[in-house]
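Notes to accompany the following structure.
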Amino acid sequence: MAANPMYQFNVYRIGPEIKLGEIDLSFTNASLFMVLSALTVLIIFKLGSKKNIIIPNKIQLLAELSYSFISKMISDTAGTKAKPYFSFIFSLFMFVLFCNMLGMIPYSFTVTSHIIVTFVLAAFIFIGVTIIGFLKHGLGYLKLFVPSGVPIVLLPLIVVIEIISYLSRPISLSVRLFANMMAGHTMMKVFGGFVVSLGIVGGWLPLSFSVALTGLEILVAFLQAYVFAILTCIYLNDALNLHH
Amino acid sequence: MLVKKTLFSIFLYCTLIKTALSAESGGMPQLDPEFWFSQIFWLIFTFGLLFFILSKFILPNISSNLENRKSQILENIEKAEEQRQESENKIKEFDKIIYESKVQAKNILNEAKKKISEDINNKKKLLEDKINSEIKSVENEINELRKRSPETINQIAISTSSDLLKQLIGADVNQSNISAIVEDLSKKEKGKYYGV
């Protein structure tokens, strides 16, 4: 294991090189953990939705609690109109959550600590929300950039700011998740390195830090998945219910 | 296509970064575009599959399970409410029956009392009638006797006085004379001896 704290983010090929024309589509450790996360989600929720029994068992309770948790989150932030997008937001939340959580296992790989992954997700959400907005409101969706109750003198400035803030949405959404995951894992790695270098005499302090950081990182893993999903809901809310 | 365009711009961007970093080994592996397309492809593949299976096969099941449980619980509550209502009705019915039977018992008691008192009254009346009639007949008898008694007494007085006179003077005395005297006397003394 290299001492470089960034080494854990290295992507390497597993198995043969797969090429589609010029593009490299090889199966990597990142792909492995994406598949593992998706499979974990599928297995848990498959088991949790199996039997129709009145008193749910533990795994069914877990599945149903997450279902109602996300359902409530969507209806609270985006209203009833967002119901058709429930499956997407549910999948998104679960995928990000399990990628984050599987990354907390030592020697594993954190899919969401790569900007390209979070950026593709965020860009997809951004484009999708923009399309939904234009489909629902036509050109009226542009009213999103013109807040009501603003003096006409300030309007050109405000509109420019609004457009910039709208366009920066995918960047802020993706960088938030990526930076949180990368920073957390780097910190843990750095403290782990301190434990090794300070040895049995001085290593206890960084070790206790490392333990505390693990707890914090698990919280962050959940929180960032939640933030990612709830921001998606908020963007969706803007597109579905034009408030400005 | 918009996606293709964005992908292309990402590719352009990353090649720029790559040249800027010039394959430095100490940099962030995240900015190394070598596996970016692989990651994008596998992300779309796994997430797409996850979304497809969740939305088509798993989430409808969970939703229907939740709905079924909700409706079942509602049904059970309704049933319980119904049964409670029923038991309340039965209690009411029971109370009513008890009340009715109490009333009936009272009525029967009253009737019996009435009957008994009527009976007693009837018997009393009968008895009284009997007593009255007896008293009346006795009174009649007494009256008759009383009516007849002066005559008898007169006759006795006549016969006695004639017998007495016969023994005193030793000759028959005119009966009519004696009777006239007795009558005269008895008329005179009537109030003295009889309460008439």
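How things are named: the first chain in the structure tokens is A, the next is B, and so on; residues count from 1 in each chain; ligands count from 1 in the order shown.
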Problem - Spatial neighbours of Phe124 (chain A), 9 Å, only C-alpha atoms, chain gap at least 4 places, as number ranges by chain - result: A: 119-120, 128-129, 170; B: 3
Practice task
Give me, as a PyMOL selection string, the contact residues of chain A against chain B at a cut-off of 7 Å, counting only C-alpha atoms.
Solution key: chain A and resi 6+9-10+23-26+30-31+34-35+38+45-46+49+52+54+64+87-88+91+114-117
Handout entry: Straight-line distance linking CA of Gly133 (chain A) with CA of Ser148 (chain A), stated in Å to one decimal
Key =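 So the answer is 18.3 Å.
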Exercise for the section: Write out as a ChimeraX atom specification the residues lying within 12 Å of Lys81 (chain A), counting only C-alpha atoms and excluding same-chain residues fewer than 5 positions away. Expected result: /A:74-76,86,132,136,233,236-242
Dump N, CA and C atoms for the selected residues as a PDB file, in the first residue's frame?
ATOM      1  N   ILE A  74     -39.773  13.853  -1.030  1.00  0.00           N
ATOM      2  CA  ILE A  74     -40.178  14.393  -2.335  1.00  0.00           C
ATOM      3  C   ILE A  74     -41.439  15.228  -2.202  1.00  0.00           C
ATOM      4  N   SER A  75     -42.420  14.703  -1.468  1.00  0.00           N
ATOM      5  CA  SER A  75     -43.680  15.455  -1.381  1.00  0.00           C
ATOM      6  C   SER A  75     -43.499  16.732  -0.567  1.00  0.00           C
ATOM      7  N   ASP A  76     -42.553  16.722   0.382  1.00  0.00           N
ATOM      8  CA  ASP A  76     -42.308  17.942   1.166  1.00  0.00           C
ATOM      9  C   ASP A  76     -41.629  19.021   0.336  1.00  0.00           C
ATOM     10  N   PHE A  86     -40.544   9.795  -8.661  1.00  0.00           N
ATOM     11  CA  PHE A  86     -40.161   9.137  -7.419  1.00  0.00           C
ATOM     12  C   PHE A  86     -39.123   8.041  -7.634  1.00  0.00           C
ATOM     13  N   ILE A 132     -37.625  19.234 -18.492  1.00  0.00           N
ATOM     14  CA  ILE A 132     -38.951  19.157 -17.852  1.00  0.00           C
ATOM     15  C   ILE A 132     -39.541  20.552 -17.701  1.00  0.00           C
ATOM     16  N   LYS A 136     -42.957  21.781 -19.446  1.00  0.00           N
ATOM     17  CA  LYS A 136     -44.118  22.120 -18.610  1.00  0.00           C
ATOM     18  C   LYS A 136     -44.574  23.554 -18.864  1.00  0.00           C
ATOM     19  N   CYS A 233     -34.568  17.253  -5.748  1.00  0.00           N
ATOM     20  CA  CYS A 233     -35.991  17.546  -5.540  1.00  0.00           C
ATOM     21  C   CYS A 233     -36.261  19.038  -5.666  1.00  0.00           C
ATOM     22  N   LEU A 236     -36.142  20.064  -9.189  1.00  0.00           N
ATOM     23  CA  LEU A 236     -37.351  19.539  -9.831  1.00  0.00           C
ATOM     24  C   LEU A 236     -38.558  20.404  -9.470  1.00  0.00           C
ATOM     25  N   ASN A 237     -38.572  20.855  -8.223  1.00  0.00           N
ATOM     26  CA  ASN A 237     -39.654  21.721  -7.755  1.00  0.00           C
ATOM     27  C   ASN A 237     -39.688  23.021  -8.560  1.00  0.00           C
ATOM     28  N   ASP A 238     -38.469  23.572  -8.820  1.00  0.00           N
ATOM     29  CA  ASP A 238     -38.397  24.788  -9.637  1.00  0.00           C
ATOM     30  C   ASP A 238     -38.988  24.555 -11.024  1.00  0.00           C
ATOM     31  N   ALA A 239     -38.691  23.369 -11.565  1.00  0.00           N
ATOM     32  CA  ALA A 239     -39.157  23.082 -12.918  1.00  0.00           C
ATOM     33  C   ALA A 239     -40.657  22.804 -12.951  1.00  0.00           C
ATOM     34  N   LEU A 240     -41.177  22.153 -11.889  1.00  0.00           N
ATOM     35  CA  LEU A 240     -42.588  21.755 -11.898  1.00  0.00           C
ATOM     36  C   LEU A 240     -43.501  22.882 -11.460  1.00  0.00           C
ATOM     37  N   ASN A 241     -43.117  23.554 -10.381  1.00  0.00           N
ATOM     38  CA  ASN A 241     -43.956  24.634  -9.858  1.00  0.00           C
ATOM     39  C   ASN A 241     -43.154  25.921  -9.945  1.00  0.00           C
ATOM     40  N   LEU A 242     -43.396  26.694 -10.990  1.00  0.00           N
ATOM     41  CA  LEU A 242     -42.650  27.925 -11.203  1.00  0.00           C
ATOM     42  C   LEU A 242     -43.122  28.962 -10.190  1.00  0.00           C
TER      43      LEU A 242
END
Exercise for the section: Mind giving me the straight-line distance from CA of Gly170 (chain B) to CA of Ala157 (chain B) in Å, one decimal? Expected result: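 CA of Ala157 (chain B) lies 18.1 Å from CA of Gly170 (chain B).
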